[in-house]
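Visitor: Sharing a structure with you now.
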Amino acid sequence: MTAPRAPRLEHRIKAQAYGLGFDLAGIAPLGIAESAGAFDEWIANGYAGDMAYLERRADVRRDSRRPVPGATCAVVVGLDYGGREPSGPVARYARGDDYHDVMLDKLRALHTWIESDLGRDIPGKAYVDTGPVLERDLARRAGLGWLGKNTMLLNPRIGSYFFIGSLLLDLDLAPDAPFATDHCGSCTRCLDACPTQAFTAPHVLDSRRCISYLTIEHRGEIPGELRPLVGDLLYGCDICQEVCPWNTKFARALADDSPFAARPAIAGKEAATLARQILAMDDSGFRDTFRGSPMKRAKRAGLERNARVVLENRTRPRSTGPR
Ligand code: B12
Ligand code: SF4
Ligand code: SF4
């Protein structure tokens, strides 16, 4: 009798990724991004606003062979962060622990497992929004989903409320088929629902008008004409995902032990209450509340600015925009 054949390495790696808790896993060959031209145009149009880091290493970002010399493939993963949670002043992705930490720990564990399975060192590096990688392009190439008109990577089984991470490896792995179909059809719900009309065309977002950018990445005051449109969004924005039929049908509930469950300081809090709480914090209160949270990214000055905008919006008639 012949011994049963071991599953192929690619299958073992993906099984290990699912075992580590990832919801999606695929393998992509590295190379020039298919959307490199779209990315260049996006930068040239100024749509990155003041996120200068995107332009600084644009040549590396548009070619996924460049971040890790010698790397030829990427294991690309998705991790759900719970689209069934109710809307609130803080975007769903930012209510719990910092996804960079959660995902990087799991991706490094996967890297270690691959090395021990093969019995040798495999040069490589994990990225989760932490390096010059066009993650959505790579994820589409790994078969994880299509690029929606709202620019989100959408998966037909789980919608778009998931993070993307990648492990770039100097290892010869058979790639998965890229996700070749587009399931947006004639729908334009995300484009129509955006309170600031930040989409200049399907698939193209002008960050300078996006509430996510304005409340997280932007430094300095939020431009006067956009302030009322921020409404009571204190940090990030999920509106173009909330209206998407793929999310209303397939978004998932958070597991009880999910690291992305809302922290007590945020859970169930109404916007004005949370805004006042932020403005009343001293340095050490701020540090304690947001330790290990992605909300640290806006820094104290950014969160205070957002809190003031939210309170200011409470004192005027609500916007009659599409929300
Ligand atoms: C900069 C950035 C932002 C900016 C700009 C977003 C944008 N759409 O460009 C701002 C601050 C606004 C932002 C907001 C958000 N972000 Co963000 N962001 C990034 C970051 C760091 C780079 C994205 C980038 O390169 N943008 C430039 C544009 C040109 O590229 P792109 O977004 O990949 O868009 C592609 C398509 O638009 C496509 N394309 C362009 N033209 C055309 C035309 C056609 C016909 C087609 C088919 C495709 C196409 O090509 C582009 C290149 O791949 C990535 C992490 C990373 N390293 O990739 C996270 C990332 C994209 N963000 C993420 C998240 C979760 C968000 C928010 C939901 C957070 C929130 N709730 O507030 C919002 C969503 C807003 C939105 N609709 O995109 C996730 C998305 C996961 C997913 N399932 O898609 C990422 C991947 C982070 C991660 N590791 O999980 N983000
Ligand atoms: S995140 Fe909000 S503001 Fe930004 S494009 Fe989507 S709906 Fe518009
Ligand atoms: S709302 Fe409609 S157009 Fe927008 S991403 Fe979802 S399916 Fe595509």
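Ordering of the structure tokens sets the chain letters (A, B, ...), residue numbers begin anew at 1 in every chain, and ligands are numbered from 1 in the order given.
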Extract, using only C-alpha atoms, all DNA, RNA and protein residues at most 7 Å from Leu229 (chain A), discarding same-chain residues fewer than 2 positions from it, and format them as a PyMOL selection string.
Guide: chain A and resi 195-196+226-227+231+319
Visitor: Keeping only C-alpha atoms, write those residues as a PDB file, in the first residue's frame.
Guide:
ATOM      1  CA  PRO A 195     -22.288  62.510   2.203  1.00  0.00           C
ATOM      2  CA  THR A 196     -19.396  64.548   0.787  1.00  0.00           C
ATOM      3  CA  LEU A 226     -17.124  69.911   4.698  1.00  0.00           C
ATOM      4  CA  ARG A 227     -17.558  70.232   8.467  1.00  0.00           C
ATOM      5  CA  GLY A 231     -22.307  64.936  10.880  1.00  0.00           C
ATOM      6  CA  SER A 319     -27.501  68.208   6.962  1.00  0.00           C
TER       7      SER A 319
END
Visitor: Name all residues at most 6 Å from Gly145 (chain A) (count only C-alpha atoms; drop same-chain ones fewer than 5 positions away) and give them as a VMD selection string.
Guide: chain A and resid 140 153 to 155 179
Visitor: Using only C-alpha atoms, determine which residues lie at most 10 Å from Arg57 (chain A), disregarding the query and same-chain residues fewer than 4 positions distant; provide the list as number ranges by chain.
Guide: A: 52-53, 61-62, 67, 131-133
Visitor: Can you pull out every residue within 9 Å of Gly88 (chain A), counting only C-alpha atoms, but drop anything in the same chain fewer than 4 positions away, and send it as a ChimeraX atom specification?
Guide: /A:92,232-234,268-271
Visitor: Restrict the calculation to only C-alpha atoms and all ligand atoms, then for each residue of chain A with any atom at most 7 Å from an atom of ligand 1 give the closest atom pair and their distance in Å to one decimal, rows by chain and rising residue number, as JSON lines.
Guide:
{"residue": "A:Ser35", "atom": "CA", "partner": "ligand 1", "partner_atom_place_in_ligand_line": "50 (O)", "distance": 4.5}
{"residue": "A:Ala36", "atom": "CA", "partner": "ligand 1", "partner_atom_place_in_ligand_line": "52 (C)", "distance": 6.6}
{"residue": "A:Ala38", "atom": "CA", "partner": "ligand 1", "partner_atom_place_in_ligand_line": "41 (N)", "distance": 4.7}
{"residue": "A:Phe39", "atom": "CA", "partner": "ligand 1", "partner_atom_place_in_ligand_line": "29 (C)", "distance": 4.2}
{"residue": "A:Trp42", "atom": "CA", "partner": "ligand 1", "partner_atom_place_in_ligand_line": "29 (C)", "distance": 5.4}
{"residue": "A:Ala48", "atom": "CA", "partner": "ligand 1", "partner_atom_place_in_ligand_line": "5 (C)", "distance": 6.6}
{"residue": "A:Leu54", "atom": "CA", "partner": "ligand 1", "partner_atom_place_in_ligand_line": "25 (O)", "distance": 6.8}
{"residue": "A:Ala91", "atom": "CA", "partner": "ligand 1", "partner_atom_place_in_ligand_line": "71 (N)", "distance": 4.8}
{"residue": "A:Arg92", "atom": "CA", "partner": "ligand 1", "partner_atom_place_in_ligand_line": "71 (N)", "distance": 6.5}
{"residue": "A:Tyr93", "atom": "CA", "partner": "ligand 1", "partner_atom_place_in_ligand_line": "71 (N)", "distance": 6.0}
{"residue": "A:Val128", "atom": "CA", "partner": "ligand 1", "partner_atom_place_in_ligand_line": "89 (N)", "distance": 4.6}
{"residue": "A:Asp129", "atom": "CA", "partner": "ligand 1", "partner_atom_place_in_ligand_line": "57 (N)", "distance": 4.2}
{"residue": "A:Thr130", "atom": "CA", "partner": "ligand 1", "partner_atom_place_in_ligand_line": "57 (N)", "distance": 6.6}
{"residue": "A:Gly131", "atom": "CA", "partner": "ligand 1", "partner_atom_place_in_ligand_line": "57 (N)", "distance": 6.3}
{"residue": "A:Pro132", "atom": "CA", "partner": "ligand 1", "partner_atom_place_in_ligand_line": "57 (N)", "distance": 6.2}
{"residue": "A:Val133", "atom": "CA", "partner": "ligand 1", "partner_atom_place_in_ligand_line": "57 (N)", "distance": 4.9}
{"residue": "A:Leu134", "atom": "CA", "partner": "ligand 1", "partner_atom_place_in_ligand_line": "58 (O)", "distance": 4.1}
{"residue": "A:Glu135", "atom": "CA", "partner": "ligand 1", "partner_atom_place_in_ligand_line": "58 (O)", "distance": 3.8}
{"residue": "A:Arg136", "atom": "CA", "partner": "ligand 1", "partner_atom_place_in_ligand_line": "33 (O)", "distance": 4.7}
{"residue": "A:Asp137", "atom": "CA", "partner": "ligand 1", "partner_atom_place_in_ligand_line": "53 (O)", "distance": 4.1}
{"residue": "A:Leu147", "atom": "CA", "partner": "ligand 1", "partner_atom_place_in_ligand_line": "47 (C)", "distance": 5.7}
{"residue": "A:Asn150", "atom": "CA", "partner": "ligand 1", "partner_atom_place_in_ligand_line": "77 (N)", "distance": 4.8}
{"residue": "A:Thr151", "atom": "CA", "partner": "ligand 1", "partner_atom_place_in_ligand_line": "37 (O)", "distance": 4.4}
{"residue": "A:Met152", "atom": "CA", "partner": "ligand 1", "partner_atom_place_in_ligand_line": "84 (O)", "distance": 3.7}
{"residue": "A:Leu153", "atom": "CA", "partner": "ligand 1", "partner_atom_place_in_ligand_line": "84 (O)", "distance": 3.7}
{"residue": "A:Leu154", "atom": "CA", "partner": "ligand 1", "partner_atom_place_in_ligand_line": "83 (N)", "distance": 6.0}
{"residue": "A:Ser160", "atom": "CA", "partner": "ligand 1", "partner_atom_place_in_ligand_line": "83 (N)", "distance": 4.6}
{"residue": "A:Tyr161", "atom": "CA", "partner": "ligand 1", "partner_atom_place_in_ligand_line": "83 (N)", "distance": 5.8}
{"residue": "A:Phe162", "atom": "CA", "partner": "ligand 1", "partner_atom_place_in_ligand_line": "83 (N)", "distance": 4.9}
{"residue": "A:Phe163", "atom": "CA", "partner": "ligand 1", "partner_atom_place_in_ligand_line": "90 (O)", "distance": 3.3}
{"residue": "A:Ile164", "atom": "CA", "partner": "ligand 1", "partner_atom_place_in_ligand_line": "90 (O)", "distance": 4.0}
{"residue": "A:Gly165", "atom": "CA", "partner": "ligand 1", "partner_atom_place_in_ligand_line": "89 (N)", "distance": 5.5}
{"residue": "A:His203", "atom": "CA", "partner": "ligand 1", "partner_atom_place_in_ligand_line": "37 (O)", "distance": 4.5}
{"residue": "A:Val204", "atom": "CA", "partner": "ligand 1", "partner_atom_place_in_ligand_line": "37 (O)", "distance": 5.4}
{"residue": "A:Leu205", "atom": "CA", "partner": "ligand 1", "partner_atom_place_in_ligand_line": "8 (N)", "distance": 5.3}
{"residue": "A:Ser207", "atom": "CA", "partner": "ligand 1", "partner_atom_place_in_ligand_line": "12 (C)", "distance": 4.6}
{"residue": "A:Cys210", "atom": "CA", "partner": "ligand 1", "partner_atom_place_in_ligand_line": "12 (C)", "distance": 5.6}
{"residue": "A:Ser212", "atom": "CA", "partner": "ligand 1", "partner_atom_place_in_ligand_line": "72 (O)", "distance": 4.2}
{"residue": "A:Tyr213", "atom": "CA", "partner": "ligand 1", "partner_atom_place_in_ligand_line": "11 (C)", "distance": 3.8}
{"residue": "A:Ile216", "atom": "CA", "partner": "ligand 1", "partner_atom_place_in_ligand_line": "11 (C)", "distance": 6.8}
{"residue": "A:Glu217", "atom": "CA", "partner": "ligand 1", "partner_atom_place_in_ligand_line": "11 (C)", "distance": 6.0}
{"residue": "A:Gly236", "atom": "CA", "partner": "ligand 1", "partner_atom_place_in_ligand_line": "72 (O)", "distance": 3.5}
{"residue": "A:Cys237", "atom": "CA", "partner": "ligand 1", "partner_atom_place_in_ligand_line": "72 (O)", "distance": 4.2}
{"residue": "A:Asp238", "atom": "CA", "partner": "ligand 1", "partner_atom_place_in_ligand_line": "71 (N)", "distance": 4.7}
{"residue": "A:Cys240", "atom": "CA", "partner": "ligand 1", "partner_atom_place_in_ligand_line": "77 (N)", "distance": 6.3}
Visitor: Name all residues at most 12 Å from Ile13 (chain A) (count only C-alpha atoms; drop same-chain ones fewer than 6 positions away) and give them as JSON, numbers by chain.
Guide: {"A": [7, 19, 20, 22, 25, 26, 27, 74, 75, 76, 77, 107, 109, 110, 111, 112, 113, 114, 115, 116, 117, 118, 167, 173, 174]}
Visitor: Which residue is closest to ligand 2? Choose from A:Lys125, A:Arg65, A:Arg209, A:Arg263 and count only C-alpha atoms and all ligand atoms.
Guide: A:Arg209
Visitor: Output the neighbourhood of ligand 3 as a ChimeraX atom specification, that is, all protein and nucleic acid residues with some atom at most 10 Å from the ligand, counting only C-alpha atoms and all ligand atoms.
Guide: /A:146-154,159-160,182-193,202-203,239-248
Visitor: Residues as selected, N, CA and C atoms, written as an mmCIF file, in the first residue's frame, can you do that?
Guide:
data_model
loop_
_atom_site.group_PDB
_atom_site.id
_atom_site.type_symbol
_atom_site.label_atom_id
_atom_site.label_comp_id
_atom_site.auth_asym_id
_atom_site.auth_seq_id
_atom_site.Cartn_x
_atom_site.Cartn_y
_atom_site.Cartn_z
ATOM 1 N N TRP A 146 -13.352 41.381 -5.686
ATOM 2 C CA TRP A 146 -13.264 42.393 -6.768
ATOM 3 C C TRP A 146 -13.237 43.788 -6.172
ATOM 4 N N LEU A 147 -12.763 44.738 -6.985
ATOM 5 C CA LEU A 147 -12.690 46.130 -6.541
ATOM 6 C C LEU A 147 -14.030 46.802 -6.832
ATOM 7 N N GLY A 148 -14.770 47.101 -5.777
ATOM 8 C CA GLY A 148 -16.091 47.696 -5.933
ATOM 9 C C GLY A 148 -15.997 49.141 -6.392
ATOM 10 N N LYS A 149 -17.152 49.696 -6.762
ATOM 11 C CA LYS A 149 -17.158 51.096 -7.195
ATOM 12 C C LYS A 149 -16.780 52.023 -6.051
ATOM 13 N N ASN A 150 -16.945 51.549 -4.800
ATOM 14 C CA ASN A 150 -16.535 52.363 -3.647
ATOM 15 C C ASN A 150 -15.049 52.161 -3.323
ATOM 16 N N THR A 151 -14.326 51.480 -4.188
ATOM 17 C CA THR A 151 -12.898 51.132 -4.101
ATOM 18 C C THR A 151 -12.588 50.033 -3.081
ATOM 19 N N MET A 152 -13.633 49.558 -2.347
ATOM 20 C CA MET A 152 -13.375 48.487 -1.382
ATOM 21 C C MET A 152 -13.159 47.154 -2.112
ATOM 22 N N LEU A 153 -12.346 46.286 -1.528
ATOM 23 C CA LEU A 153 -12.263 44.926 -2.046
ATOM 24 C C LEU A 153 -13.430 44.156 -1.443
ATOM 25 N N LEU A 154 -14.255 43.605 -2.312
ATOM 26 C CA LEU A 154 -15.480 42.915 -1.882
ATOM 27 C C LEU A 154 -15.363 41.436 -2.174
ATOM 28 N N GLY A 159 -18.694 40.059 1.952
ATOM 29 C CA GLY A 159 -18.811 41.506 1.773
ATOM 30 C C GLY A 159 -17.458 42.194 1.870
ATOM 31 N N SER A 160 -17.428 43.401 2.453
ATOM 32 C CA SER A 160 -16.162 44.159 2.438
ATOM 33 C C SER A 160 -15.610 44.517 3.817
ATOM 34 N N ASP A 182 -16.731 41.089 -11.878
ATOM 35 C CA ASP A 182 -17.129 42.292 -11.142
ATOM 36 C C ASP A 182 -18.608 42.119 -10.811
ATOM 37 N N HIS A 183 -18.962 42.254 -9.533
ATOM 38 C CA HIS A 183 -20.347 42.004 -9.132
ATOM 39 C C HIS A 183 -21.085 43.260 -8.706
ATOM 40 N N CYS A 184 -20.631 44.407 -9.193
ATOM 41 C CA CYS A 184 -21.342 45.650 -8.877
ATOM 42 C C CYS A 184 -22.518 45.868 -9.824
ATOM 43 N N GLY A 185 -22.362 45.405 -11.045
ATOM 44 C CA GLY A 185 -23.437 45.597 -12.019
ATOM 45 C C GLY A 185 -23.774 47.070 -12.188
ATOM 46 N N SER A 186 -25.090 47.366 -12.254
ATOM 47 C CA SER A 186 -25.501 48.758 -12.488
ATOM 48 C C SER A 186 -25.715 49.514 -11.178
ATOM 49 N N CYS A 187 -25.446 48.865 -10.062
ATOM 50 C CA CYS A 187 -25.641 49.505 -8.750
ATOM 51 C C CYS A 187 -24.732 50.733 -8.588
ATOM 52 N N THR A 188 -25.240 51.776 -7.951
ATOM 53 C CA THR A 188 -24.406 52.961 -7.659
ATOM 54 C C THR A 188 -24.697 53.453 -6.232
ATOM 55 N N ARG A 189 -25.204 52.565 -5.376
ATOM 56 C CA ARG A 189 -25.637 52.999 -4.034
ATOM 57 C C ARG A 189 -24.540 53.693 -3.243
ATOM 58 N N CYS A 190 -23.319 53.149 -3.336
ATOM 59 C CA CYS A 190 -22.218 53.737 -2.545
ATOM 60 C C CYS A 190 -21.911 55.145 -3.047
ATOM 61 N N LEU A 191 -21.901 55.312 -4.367
ATOM 62 C CA LEU A 191 -21.567 56.621 -4.949
ATOM 63 C C LEU A 191 -22.628 57.646 -4.549
ATOM 64 N N ASP A 192 -23.885 57.209 -4.556
ATOM 65 C CA ASP A 192 -24.988 58.129 -4.251
ATOM 66 C C ASP A 192 -25.045 58.474 -2.758
ATOM 67 N N ALA A 193 -24.628 57.532 -1.916
ATOM 68 C CA ALA A 193 -24.816 57.737 -0.465
ATOM 69 C C ALA A 193 -23.708 58.558 0.175
ATOM 70 N N PRO A 202 -16.844 56.141 -10.604
ATOM 71 C CA PRO A 202 -16.787 54.818 -9.981
ATOM 72 C C PRO A 202 -15.327 54.383 -9.834
ATOM 73 N N HIS A 203 -14.958 53.821 -8.699
ATOM 74 C CA HIS A 203 -13.613 53.321 -8.394
ATOM 75 C C HIS A 203 -12.594 54.416 -8.075
ATOM 76 N N ILE A 239 -20.131 54.618 5.634
ATOM 77 C CA ILE A 239 -21.381 54.782 4.885
ATOM 78 C C ILE A 239 -21.370 54.070 3.524
ATOM 79 N N CYS A 240 -20.245 54.188 2.770
ATOM 80 C CA CYS A 240 -20.251 53.552 1.446
ATOM 81 C C CYS A 240 -20.158 52.025 1.546
ATOM 82 N N GLN A 241 -19.942 51.496 2.743
ATOM 83 C CA GLN A 241 -20.015 50.049 2.933
ATOM 84 C C GLN A 241 -21.396 49.658 3.457
ATOM 85 N N GLU A 242 -21.965 50.527 4.309
ATOM 86 C CA GLU A 242 -23.259 50.191 4.923
ATOM 87 C C GLU A 242 -24.361 50.026 3.882
ATOM 88 N N VAL A 243 -24.277 50.823 2.813
ATOM 89 C CA VAL A 243 -25.356 50.776 1.812
ATOM 90 C C VAL A 243 -25.138 49.673 0.769
ATOM 91 N N CYS A 244 -24.015 49.023 0.818
ATOM 92 C CA CYS A 244 -23.697 48.043 -0.227
ATOM 93 C C CYS A 244 -24.513 46.756 -0.020
ATOM 94 N N PRO A 245 -25.259 46.331 -1.045
ATOM 95 C CA PRO A 245 -26.090 45.130 -0.884
ATOM 96 C C PRO A 245 -25.287 43.880 -0.507
ATOM 97 N N TRP A 246 -24.029 43.830 -0.911
ATOM 98 C CA TRP A 246 -23.219 42.651 -0.557
ATOM 99 C C TRP A 246 -22.967 42.615 0.943
ATOM 100 N N ASN A 247 -22.931 43.791 1.566
ATOM 101 C CA ASN A 247 -22.773 43.829 3.028
ATOM 102 C C ASN A 247 -24.106 43.613 3.732
ATOM 103 N N THR A 248 -25.167 44.231 3.207
ATOM 104 C CA THR A 248 -26.447 44.032 3.912
ATOM 105 C C THR A 248 -26.799 42.541 3.892
#
Visitor: Calculated over only C-alpha atoms, which of the candidates A:Ser166, A:Ser64, A:Ser258, A:Asn306 has the smallest distance to Ala17 (chain A)?
Guide: A:Ser166
Visitor: I need the residues of region 63-262 of chain A that end up classed as alpha helix (DSSP H) by DSSP on the backbone, written out as a CSV table (one decimal) with C-alpha atoms, in the first residue's frame.
Guide:
chain,number,residue,atom,x,y,z
A,99,TYR,CA,-5.7,45.5,13.5
A,100,HIS,CA,-2.1,46.1,12.5
A,101,ASP,CA,-1.0,44.3,15.7
A,102,VAL,CA,-3.6,41.5,15.5
A,103,MET,CA,-2.9,40.8,11.8
A,104,LEU,CA,0.9,41.1,11.9
A,105,ASP,CA,1.1,38.6,14.8
A,106,LYS,CA,-0.9,36.1,12.9
A,107,LEU,CA,1.1,36.7,9.6
A,108,ARG,CA,4.4,36.3,11.4
A,109,ALA,CA,3.1,33.1,13.0
A,110,LEU,CA,2.2,31.9,9.5
A,111,HIS,CA,5.7,32.8,8.3
A,112,THR,CA,7.3,30.8,11.2
A,113,TRP,CA,5.0,27.9,10.4
A,114,ILE,CA,6.0,27.8,6.7
A,115,GLU,CA,9.7,27.9,7.7
A,116,SER,CA,9.3,25.0,10.1
A,117,ASP,CA,7.2,23.0,7.7
A,118,LEU,CA,9.9,23.4,5.0
A,135,GLU,CA,-3.0,45.7,-0.9
A,136,ARG,CA,-6.4,45.7,-2.7
A,137,ASP,CA,-4.7,45.1,-6.1
A,138,LEU,CA,-2.7,42.2,-4.6
A,139,ALA,CA,-5.7,40.8,-2.9
A,140,ARG,CA,-7.7,40.8,-6.1
A,141,ARG,CA,-4.8,39.1,-7.8
A,189,ARG,CA,-25.6,53.0,-4.0
A,190,CYS,CA,-22.2,53.7,-2.5
A,191,LEU,CA,-21.6,56.6,-4.9
A,192,ASP,CA,-25.0,58.1,-4.3
A,193,ALA,CA,-24.8,57.7,-0.5
A,211,ILE,CA,-14.7,61.7,6.0
A,212,SER,CA,-12.4,58.8,6.8
A,239,ILE,CA,-21.4,54.8,4.9
A,240,CYS,CA,-20.3,53.6,1.4
A,241,GLN,CA,-20.0,50.0,2.9
A,242,GLU,CA,-23.3,50.2,4.9
A,245,PRO,CA,-26.1,45.1,-0.9
A,246,TRP,CA,-23.2,42.7,-0.6
A,247,ASN,CA,-22.8,43.8,3.0
A,248,THR,CA,-26.4,44.0,3.9
A,249,LYS,CA,-26.7,40.4,2.8
A,250,PHE,CA,-23.4,38.8,3.8
Visitor: Return as a list in words the full set of residues in region 33-244 of chain A whose backbone-based DSSP assignment is strand (DSSP E).
Guide: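 Selecting the strand (DSSP E) positions of region 33-244 of chain A gives Cys73, Ala74, Val75, Val76, Val77, Gly78, Leu79, Asp80, Gly124, Lys125, Ala126, Tyr127, Trp146, Leu147, Leu153, Leu154, Phe162, Phe163, Ile164, Gly165, Ser166, Leu167, Leu168, Leu169, Phe199, Thr200, Ala201, Val204 and Leu205 of chain A.
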Visitor: Enter the distance from CA of Gly37 (chain A) to CA of Arg56 (chain A), in Å, rounded to one decimal.
Guide: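 According to the coordinates, CA of Gly37 (chain A) and CA of Arg56 (chain A) are separated by 16.2 Å.
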Visitor: In Å to one decimal, how far is CA of Tyr81 (chain A) from CA of Ile32 (chain A)?
Guide: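 CA of Ile32 (chain A) sits 29.2 Å away from CA of Tyr81 (chain A).
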